[in-house]
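Below is upload03.cif, which holds mmCIF, C-alpha atoms.
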data_upload
#
loop_
_atom_site.label_atom_id
_atom_site.label_comp_id
_atom_site.auth_asym_id
_atom_site.auth_seq_id
_atom_site.Cartn_x
_atom_site.Cartn_y
_atom_site.Cartn_z
CA MET A 1 0.00 0.00 0.00
CA GLU A 2 1.20 3.49 -0.85
CA SER A 3 0.39 4.76 2.62
CA ASP A 4 2.86 2.21 4.01
CA ARG A 5 5.64 3.61 1.89
CA SER A 6 5.35 7.15 3.24
CA VAL A 7 5.62 5.96 6.84
CA THR A 8 8.33 3.37 6.21
CA TRP A 9 12.03 4.09 6.37
CA VAL A 10 14.58 1.65 4.99
CA VAL A 11 17.79 1.80 7.00
CA ILE A 12 21.00 0.82 5.23
CA ALA A 13 24.26 0.77 7.19
CA ALA A 14 27.18 1.25 4.82
CA TYR A 15 30.92 1.15 5.27
CA ASN A 16 33.10 1.50 2.17
CA GLU A 17 30.30 0.38 -0.15
CA GLY A 18 30.97 3.06 -2.78
CA LYS A 19 31.12 0.48 -5.56
CA VAL A 20 27.60 -0.86 -5.09
CA ILE A 21 25.61 1.45 -2.81
CA ARG A 22 24.14 3.62 -5.57
CA GLY A 23 22.48 0.65 -7.30
CA VAL A 24 21.27 -0.84 -4.02
CA VAL A 25 19.73 2.47 -2.92
CA ARG A 26 18.22 3.17 -6.32
CA GLU A 27 16.45 -0.20 -6.38
CA VAL A 28 14.78 0.58 -3.05
CA VAL A 29 14.01 4.23 -3.84
CA GLN A 30 12.44 3.31 -7.18
CA ASP A 31 9.94 1.14 -5.32
CA GLY A 32 8.87 4.27 -3.45
CA TRP A 33 10.47 3.64 -0.06
CA GLN A 34 12.27 6.31 1.93
CA VAL A 35 15.88 5.38 2.42
CA VAL A 36 18.38 6.53 5.01
CA VAL A 37 21.95 5.38 4.49
CA VAL A 38 24.11 5.57 7.58
CA ASP A 39 27.66 6.03 6.41
CA ASP A 40 29.88 4.55 9.08
CA GLY A 41 32.92 6.71 8.46
CA SER A 42 33.73 5.28 5.02
CA ARG A 43 37.00 6.23 3.36
CA ASP A 44 35.61 5.91 -0.14
CA HIS A 45 32.84 7.78 -1.98
CA THR A 46 29.96 5.95 -0.27
CA ILE A 47 28.28 9.22 0.78
CA GLU A 48 28.18 10.72 -2.73
CA GLU A 49 27.08 7.43 -4.27
CA ALA A 50 24.29 6.94 -1.73
CA ARG A 51 23.04 10.48 -2.34
CA ALA A 52 23.22 9.92 -6.09
CA GLY A 53 21.04 6.87 -5.63
CA GLY A 54 18.44 8.99 -3.86
CA ALA A 55 19.06 8.24 -0.19
CA LEU A 56 19.21 10.62 2.70
CA VAL A 57 22.65 10.19 4.24
CA VAL A 58 23.49 10.33 7.92
CA ARG A 59 27.20 10.06 8.49
CA HIS A 60 29.10 8.93 11.53
CA PRO A 61 32.12 11.16 12.06
CA ILE A 62 34.12 8.04 12.95
CA ASN A 63 33.77 4.34 12.22
CA LEU A 64 31.70 2.74 14.99
CA GLY A 65 30.51 -0.56 13.55
CA GLN A 66 27.46 -1.97 11.85
CA GLY A 67 25.37 -2.29 15.01
CA ALA A 68 25.94 1.36 15.89
CA ALA A 69 25.14 2.44 12.33
CA LEU A 70 21.86 0.51 12.29
CA GLN A 71 20.79 2.04 15.59
CA THR A 72 21.64 5.51 14.29
CA GLY A 73 19.47 4.84 11.25
CA ILE A 74 16.64 3.59 13.45
CA ASP A 75 16.91 6.70 15.66
CA TYR A 76 16.81 8.88 12.57
CA ALA A 77 13.79 7.04 11.16
CA LEU A 78 11.96 7.45 14.48
CA ARG A 79 12.78 11.13 14.45
CA ARG A 80 11.28 11.42 10.98
CA GLY A 81 8.08 9.82 12.20
CA ALA A 82 8.51 6.35 10.76
CA ARG A 83 5.86 3.78 11.62
CA TYR A 84 7.77 0.88 10.07
CA ILE A 85 11.52 0.49 9.92
CA VAL A 86 13.26 -1.91 7.55
CA THR A 87 16.93 -2.85 7.85
CA PHE A 88 18.57 -3.69 4.57
CA ASP A 89 22.14 -4.72 3.76
CA ALA A 90 24.29 -2.34 1.76
CA ASP A 91 26.08 -5.00 -0.29
CA GLY A 92 23.18 -5.79 -2.59
CA GLN A 93 22.40 -9.26 -1.24
CA HIS A 94 18.75 -8.40 -0.50
CA ASN A 95 15.94 -7.77 -2.93
CA ALA A 96 13.79 -4.65 -2.57
CA ALA A 97 10.87 -6.64 -4.00
CA ASP A 98 10.76 -8.58 -0.71
CA ILE A 99 10.09 -5.46 1.40
CA PRO A 100 6.27 -5.45 1.00
CA ALA A 101 6.09 -9.03 2.30
CA LEU A 102 8.01 -8.00 5.42
CA ILE A 103 5.78 -4.96 6.00
CA ASP A 104 2.65 -7.04 5.41
CA ALA A 105 3.88 -9.49 8.03
CA LEU A 106 3.81 -6.64 10.57
CA ALA A 107 0.02 -6.67 10.36
CA ASP A 108 0.03 -9.21 13.16
CA ALA A 109 3.61 -9.07 14.41
CA ASP A 110 5.97 -6.46 15.83
CA VAL A 111 9.10 -7.73 14.12
CA ALA A 112 9.44 -9.55 10.81
CA LEU A 113 12.75 -11.28 10.19
CA GLY A 114 13.91 -12.19 6.71
CA SER A 115 15.06 -15.77 6.41
CA ARG A 116 17.41 -17.12 3.79
CA PHE A 117 16.45 -20.69 4.60
CA LEU A 118 12.68 -20.52 4.62
CA GLY A 119 11.92 -21.99 1.25
CA LYS A 120 13.40 -19.43 -1.07
CA GLN A 121 16.74 -19.77 -2.76
CA ILE A 122 20.21 -18.75 -1.74
CA GLU A 123 21.85 -17.71 -4.95
CA GLY A 124 25.58 -18.16 -5.28
CA ALA A 125 26.36 -19.43 -1.78
CA THR A 126 29.08 -22.02 -1.47
CA ALA A 127 28.52 -25.22 0.54
CA ARG A 128 31.05 -23.93 3.07
CA ARG A 129 29.09 -20.69 3.49
CA LYS A 130 25.82 -22.58 4.02
CA VAL A 131 27.45 -24.69 6.74
CA LEU A 132 28.77 -21.54 8.42
CA LEU A 133 25.35 -19.88 8.29
CA ARG A 134 23.61 -22.97 9.67
CA THR A 135 26.13 -23.23 12.50
CA ALA A 136 25.70 -19.53 13.31
CA THR A 137 21.95 -20.07 13.41
CA MET A 138 22.29 -22.97 15.84
CA VAL A 139 24.60 -21.01 18.16
CA SER A 140 22.35 -17.99 17.96
CA ASN A 141 19.21 -19.97 18.71
CA GLY A 142 21.00 -21.37 21.73
CA LEU A 143 21.88 -17.86 22.90
CA SER A 144 18.54 -16.22 22.23
CA GLY A 145 16.29 -19.11 23.18
CA MET A 146 14.32 -18.84 19.96
CA LYS A 147 13.81 -21.28 17.15
CA LEU A 148 14.58 -19.46 13.94
CA THR A 149 15.54 -20.81 10.56
CA ASP A 150 18.04 -18.02 9.95
CA ALA A 151 19.52 -16.02 12.79
CA HIS A 152 21.70 -13.53 11.01
CA CYS A 153 19.80 -12.16 8.12
CA GLY A 154 20.20 -8.38 7.96
CA PHE A 155 16.80 -7.99 6.31
CA ARG A 156 14.15 -7.15 8.92
CA ALA A 157 11.08 -5.00 9.44
CA ILE A 158 10.28 -3.51 12.84
CA ARG A 159 7.29 -1.62 14.11
CA ALA A 160 8.48 1.79 15.31
CA SER A 161 6.51 1.35 18.53
CA VAL A 162 8.72 -1.56 19.66
CA ALA A 163 12.03 -0.09 18.43
CA PRO A 164 12.87 1.49 21.82
CA LYS A 165 12.61 -1.96 23.44
CA LEU A 166 15.09 -3.35 20.93
CA ARG A 167 17.81 -0.74 21.27
CA ILE A 168 21.13 -2.00 19.90
CA LEU A 169 24.06 -1.51 22.27
CA GLN A 170 26.47 -3.80 20.45
CA ASP A 171 28.34 -1.46 18.14
CA ARG A 172 29.90 -4.16 16.01
CA MET A 173 28.68 -7.45 14.57
CA ALA A 174 27.26 -9.00 17.75
CA HIS A 175 24.24 -6.72 17.31
CA ALA A 176 22.38 -9.43 15.37
CA SER A 177 22.44 -11.82 18.33
CA GLU A 178 21.74 -8.97 20.73
CA LEU A 179 18.67 -7.99 18.75
CA LEU A 180 17.33 -11.55 18.81
CA ARG A 181 17.88 -11.81 22.55
CA LYS A 182 15.99 -8.57 23.09
CA ILE A 183 13.18 -9.68 20.80
CA HIS A 184 12.90 -12.84 22.88
CA THR A 185 13.12 -11.28 26.34
CA SER A 186 10.92 -8.25 25.60
CA GLY A 187 8.17 -10.54 24.38
CA VAL A 188 7.42 -8.74 21.12
CA ARG A 189 5.64 -10.76 18.46
CA VAL A 190 8.05 -12.05 15.85
CA VAL A 191 7.54 -13.78 12.53
CA GLU A 192 9.90 -15.08 9.87
CA VAL A 193 9.41 -14.22 6.23
CA PRO A 194 11.17 -15.99 3.35
CA THR A 195 13.48 -13.70 1.40
CA THR A 196 15.80 -14.24 -1.50
CA VAL A 197 19.50 -13.63 -1.20
CA ARG A 198 21.93 -12.91 -3.98
CA TYR A 199 25.50 -13.68 -3.05
CA THR A 200 27.84 -11.88 -5.35
CA GLU A 201 31.60 -11.74 -5.27
CA HIS A 202 31.31 -8.34 -3.64
CA SER A 203 28.90 -9.37 -0.89
CA MET A 204 30.96 -12.48 -0.18
CA SER A 205 34.06 -10.35 0.30
CA LYS A 206 32.19 -8.26 2.88
CA GLY A 207 30.71 -11.28 4.66
CA GLN A 208 31.75 -12.72 7.97
CA GLY A 209 34.01 -15.74 8.11
CA GLY A 210 34.82 -18.28 10.78
CA VAL A 211 37.52 -16.16 12.41
CA GLN A 212 35.23 -13.16 12.81
CA ALA A 213 32.66 -15.47 14.42
CA VAL A 214 34.96 -15.87 17.41
CA ARG A 215 35.26 -12.11 17.77
CA ILE A 216 31.48 -11.72 17.53
CA LEU A 217 31.02 -14.23 20.33
CA PHE A 218 33.59 -12.36 22.43
CA ASP A 219 31.72 -9.11 21.90
CA TYR A 220 28.41 -10.75 22.70
CA PHE A 221 29.59 -12.04 26.07
CA PHE A 222 31.98 -9.35 27.22
CA ARG A 223 30.56 -6.11 25.89
CA ALA A 224 26.88 -6.53 26.54
CA MET B 1 72.14 -2.24 47.10
CA ILE B 2 71.49 -0.53 43.77
CA ILE B 3 68.14 -2.31 43.39
CA ARG B 4 66.83 -0.75 46.60
CA ILE B 5 67.71 2.70 45.36
CA LEU B 6 66.04 2.05 42.01
CA LEU B 7 62.88 0.68 43.65
CA LEU B 8 62.67 3.58 46.09
CA LEU B 9 63.20 6.05 43.24
CA GLY B 10 60.36 4.39 41.34
CA LEU B 11 58.03 4.55 44.34
CA GLY B 12 59.06 8.15 44.99
CA ALA B 13 58.39 9.12 41.36
CA THR B 14 54.98 7.44 41.50
CA GLY B 15 54.12 9.31 44.70
CA TRP B 16 55.24 12.61 43.21
CA PHE B 17 53.17 11.98 40.08
CA VAL B 18 50.08 11.23 42.16
CA PHE B 19 50.75 14.32 44.31
CA LEU B 20 50.95 16.55 41.22
CA ARG B 21 47.63 15.23 39.90
CA ARG B 22 45.82 15.43 43.24
CA ASN B 23 42.44 16.45 41.85
CA ARG B 24 40.82 13.29 43.19
CA LEU B 25 39.20 12.60 46.53
CA PRO B 26 41.59 12.69 49.50
CA VAL B 27 40.81 9.06 50.22
CA HIS B 28 42.30 8.06 46.84
CA ILE B 29 45.51 9.95 47.52
CA MET B 30 45.79 8.49 51.01
CA THR B 31 45.28 4.97 49.67
CA VAL B 32 48.00 5.43 47.05
CA PHE B 33 50.40 6.89 49.62
CA ALA B 34 49.67 4.04 52.01
CA LEU B 35 50.46 1.52 49.27
CA ILE B 36 53.66 3.36 48.38
CA ALA B 37 54.67 3.45 52.06
CA ALA B 38 54.02 -0.29 52.35
CA GLY B 39 56.15 -0.81 49.25
CA ALA B 40 58.97 1.29 50.74
CA VAL B 41 58.84 -0.76 53.95
CA ALA B 42 59.06 -3.97 51.93
CA VAL B 43 62.07 -2.62 50.03
CA LEU B 44 63.95 -1.37 53.12
CA PHE B 45 63.03 -4.27 55.41
CA PRO B 46 62.44 -7.36 53.20
CA GLU B 47 62.00 -9.59 56.25
CA THR B 48 58.64 -7.89 56.96
CA THR B 49 57.18 -9.59 53.88
CA GLN B 50 58.25 -12.94 55.35
CA HIS B 51 56.43 -12.13 58.60
CA ALA B 52 53.32 -11.19 56.62
CA ALA B 53 53.58 -14.41 54.61
CA ASP B 54 53.87 -16.48 57.80
CA LEU B 55 50.80 -14.72 59.18
CA VAL B 56 48.56 -15.65 56.23
CA GLY B 57 50.08 -19.07 55.59
CA VAL B 58 52.20 -18.47 52.51
CA GLY B 59 55.64 -20.10 52.37
CA ARG B 60 57.79 -17.18 51.23
CA GLY B 61 57.43 -13.42 51.34
CA THR B 62 58.20 -13.10 47.64
CA ASP B 63 55.35 -15.54 46.85
CA LEU B 64 52.93 -13.41 48.86
CA ILE B 65 54.03 -10.33 46.91
CA THR B 66 53.53 -12.21 43.63
CA TYR B 67 50.02 -13.32 44.57
CA ILE B 68 48.99 -9.83 45.66
CA ALA B 69 50.49 -8.33 42.50
CA ILE B 70 48.56 -10.75 40.25
CA VAL B 71 45.24 -10.02 41.93
CA ALA B 72 45.96 -6.28 41.87
CA VAL B 73 46.80 -6.34 38.16
CA LEU B 74 43.62 -8.28 37.37
CA PHE B 75 41.58 -5.81 39.38
CA VAL B 76 43.11 -2.83 37.60
CA LEU B 77 42.58 -4.49 34.20
CA LEU B 78 38.94 -5.17 34.94
CA HIS B 79 38.46 -1.64 36.23
CA TYR B 80 39.87 -0.08 33.08
CA TYR B 81 38.10 -2.56 30.82
CA THR B 82 34.75 -1.60 32.32
CA LYS B 83 35.63 2.04 31.98
CA PHE B 84 36.71 1.49 28.37
CA VAL B 85 33.40 -0.16 27.45
CA ASP B 86 31.47 2.67 29.12
CA LEU B 87 33.49 5.29 27.28
CA GLN B 88 32.96 3.54 23.98
CA ARG B 89 29.22 3.50 24.58
CA GLN B 90 29.25 7.20 25.40
CA LEU B 91 31.33 7.91 22.32
CA THR B 92 28.79 6.05 20.20
CA GLU B 93 25.95 8.10 21.66
CA VAL B 94 27.77 11.36 21.04
CA ALA B 95 28.74 10.42 17.48
CA ARG B 96 25.15 9.31 16.80
CA GLU B 97 23.69 12.56 18.11
CA LEU B 98 26.18 14.50 16.00
CA ALA B 99 25.40 12.46 12.87
CA ILE B 100 21.63 12.89 13.21
CA LEU B 101 21.93 16.56 14.09
CA ARG B 102 24.14 17.21 11.07
CA ALA B 103 21.69 15.42 8.79
CA GLU B 104 18.82 17.46 10.18
CA VAL B 105 20.72 20.73 9.82
CA ASP B 106 21.63 19.86 6.22
CA ARG B 107 17.99 19.08 5.50
CA VAL B 108 16.72 22.39 6.89
CA ALA B 109 19.57 24.51 5.53
CA PRO B 110 21.42 22.69 2.73
CA PRO B 111 25.13 23.52 2.68
CA ALA B 112 26.58 25.63 -0.10
CA ARG B 113 28.00 23.37 -2.81
CA SER B 114 31.01 25.49 -3.75
CA SER B 115 32.12 29.12 -3.90
CA ASP B 116 31.57 29.45 -7.66
CA GLN B 117 27.87 28.70 -7.35
CA PRO B 118 26.64 31.26 -4.83
CA ASP B 119 23.07 31.08 -6.21
CA ARG B 120 22.79 27.49 -5.00
CA ALA B 121 23.60 28.35 -1.42
CA ALA B 122 20.40 30.30 -1.01
CA GLY B 123 18.21 27.43 -2.20
#

Target encoding structure tokens, full file:
Amino acid sequence: MESDRSVTWVVIAAYNEGKVIRGVVREVVQDGWQVVVVDDGSRDHTIEEARAGGALVVRHPINLGQGAALQTGIDYALRRGARYIVTFDADGQHNAADIPALIDALADADVALGSRFLGKQIEGATARRKVLLRTATMVSNGLSGMKLTDAHCGFRAIRASVAPKLRILQDRMAHASELLRKIHTSGVRVVEVPTTVRYTEHSMSKGQGGVQAVRILFDYFFRA
Amino acid sequence: MIIRILLLLGLGATGWFVFLRRNRLPVHIMTVFALIAAGAVAVLFPETTQHAADLVGVGRGTDLITYIAIVAVLFVLLHYYTKFVDLQRQLTEVARELAILRAEVDRVAPPARSSDQPDRAAG
């Protein structure tokens, strides 16, 4: 519905995504969504590219991490009177065409989480990557106490009214697990929605590997 | 006894440094001076550490010193780690406020693009 689009803000956290951010933003803007790109202190031309794509840009004066950037975007969206907030990855792995399904799911839920494993396809993922993602999901379910099919998808829709309950304090990558824990403990209604994922060479290079997983766990336990 | 002189000089320098930066509560300063005094006693009269070790059931005075030092270092590390995490959180909040404020200011009053296009600045 058009009325949804004027009260929905799509939050994209970007760090050195100058190569792809314009296309990613444009795809979302062309569908009529309002986009805020939080530039996390990039050293490249991410800001100019995001603006060229049609996004409003909020820029961190220093690099703080993806979790911090998402929360900044959420704060900005709330300030602009958003009713629905969508988080979207900057690397082009998500599909703007999936946004309406996430918003529709908020009709009887407070949070809609995109899932890469719920039926739809994962394009271009290696077997190794799938194993890593499945393992991360198992660990995350253990930590959060929920049963999700995909714990670390960056594609989500949140009702603005519950956003203050889900405030992200983990500046770096542990924010995904933190968010799930808060969803679980605050008792908001959550639903999973199948989304497509396109893994490209670029998005793979920005993805998290096994070594980073250890650091994320450290952050989760010692910086909460 | 060169080592005693070096140790006492180190303790003295630490005390002087703390004295110069005495903007904290008096109790902090007194605690530091008490620790430095205890250290000086241990340097000048090493046998006192043996007496202390005997009192608490540790074999040697040097062992007691080692144990205390390890616990003290861990405590200091934890203290500064907690402080570091707090500071980082505050830094994030400040940076976030600044980022949002700047975006809002730019939206209300767009910045001038460049000096050769003065007409744009007004719009």

Q) So which residues touch Leu64 (chain B) within 8 Å, counting all atoms listed in the file, skipping near sequence neighbours fewer than 6 positions away, as a list of chain:residue names? A)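 Neighbouring residues, sequence-local ones excluded: B:Thr49, B:Ala53, B:Val58.
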
Which residues of region 79-197 of chain A have any atom within 8 Å of an atom in region 23-46 of chain A when counting all atoms listed in the file, and what is the closest pair of atoms for each, with the distance in Å to one decimal? Order the rows by chain and rising number and write it as JSON lines.
{"residue": "A:Ala90", "atom": "CA", "partner": "A:Val24", "partner_atom": "CA", "distance": 6.7}
{"residue": "A:Asp91", "atom": "CA", "partner": "A:Val24", "partner_atom": "CA", "distance": 7.4}
{"residue": "A:Gly92", "atom": "CA", "partner": "A:Val24", "partner_atom": "CA", "distance": 5.5}
{"residue": "A:Ala96", "atom": "CA", "partner": "A:Val28", "partner_atom": "CA", "distance": 5.3}
{"residue": "A:Ala97", "atom": "CA", "partner": "A:Asp31", "partner_atom": "CA", "distance": 7.9}

Could you build a table of the residues in chain A lying no more than 8 Å from chain B, giving for each the nearest pair of atoms and their separation in Å rounded to one decimal place, using all atoms listed in the file, ordered by chain and ascending residue number, as a Markdown table?
| residue | atom | partner | partner_atom | distance |
| --- | --- | --- | --- | --- |
| A:Val57 | CA | B:Ala103 | CA | 7.0 |
| A:Val58 | CA | B:Ala103 | CA | 5.5 |
| A:Arg59 | CA | B:Ala99 | CA | 5.3 |
| A:His60 | CA | B:Ala99 | CA | 5.3 |
| A:Pro61 | CA | B:Ala95 | CA | 6.4 |
| A:Ile62 | CA | B:Ala95 | CA | 7.4 |
| A:Leu64 | CA | B:Thr92 | CA | 6.8 |
| A:Ala68 | CA | B:Thr92 | CA | 7.0 |
| A:Thr72 | CA | B:Arg96 | CA | 5.7 |
| A:Tyr76 | CA | B:Ile100 | CA | 6.3 |
| A:Leu169 | CA | B:Arg89 | CA | 7.6 |
| A:Asp171 | CA | B:Thr92 | CA | 7.8 |
| A:Arg223 | CA | B:Val85 | CA | 6.8 |

Q: Take CA of Lys130 (chain A) and CA of Leu118 (chain A) and report the distance between them in Å, one decimal.
A: 13.3 Å

(Q) Quick one: residues within 9 Å of region 83-89 of chain A, only C-alpha atoms, excluding same-chain residues fewer than 4 positions away - as a ChimeraX atom specification? (A) /A:4-5,7-14,24,70,73-74,77-78,93-96,99,102-103,106,153-161,163

(Q) Residues proximal to (8.1, -6.9, 24.0) were defined as those with any atom within 12 Å of that point in the file's coordinates, counting only C-alpha atoms. Which are they, as number ranges by chain? (A) A: 109-111, 158-159, 161-167, 179-190

Q: Measuring atom to atom with only C-alpha atoms, identify which of B:Ile29, B:Leu77, B:Val71, B:Leu11 is nearest to Ala42 (chain B).
A: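 Closest to Ala42 (chain B) of all the choices is B:Leu11.
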
(Q) Report, in Å to a single decimal, how far apart CA of Asp104 (chain A) and CA of Leu148 (chain A) are. (A)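 Spanning CA of Leu148 (chain A) to CA of Asp104 (chain A) is a straight-line distance of 19.2 Å.
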
Q: Take the PyMOL selection byres ((chain B and resi 36) around 10), apply it to the structure above, and return the hits as a PyMOL selection string.
A: chain B and resi 8+10-12+14-15+30-35+37-42

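The shortest atom-to-atom distance to Gly18 (chain A), with all atoms listed in the file taken into account, belongs to A:Ala52 out of A:Ala52, A:Ser6, A:Val131, A:Glu178.
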
Q: Tell me which of B:Lys83, B:Val105, B:Pro46, B:Leu9 sits closest to Gly61 (chain B), counting all atoms listed in the file.
A: B:Pro46

Q: Please indicate the distance in Å from CA of Thr62 (chain B) to CA of Leu44 (chain B), rounded to one decimal place.
A: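 Computing it gives 14.2 Å between the two atoms.
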
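Distances from A:Gly114, A:Ile168, A:Leu217, A:Tyr15 to Ala136 (chain A) were compared using only C-alpha atoms, and the smallest one belongs to A:Leu217.
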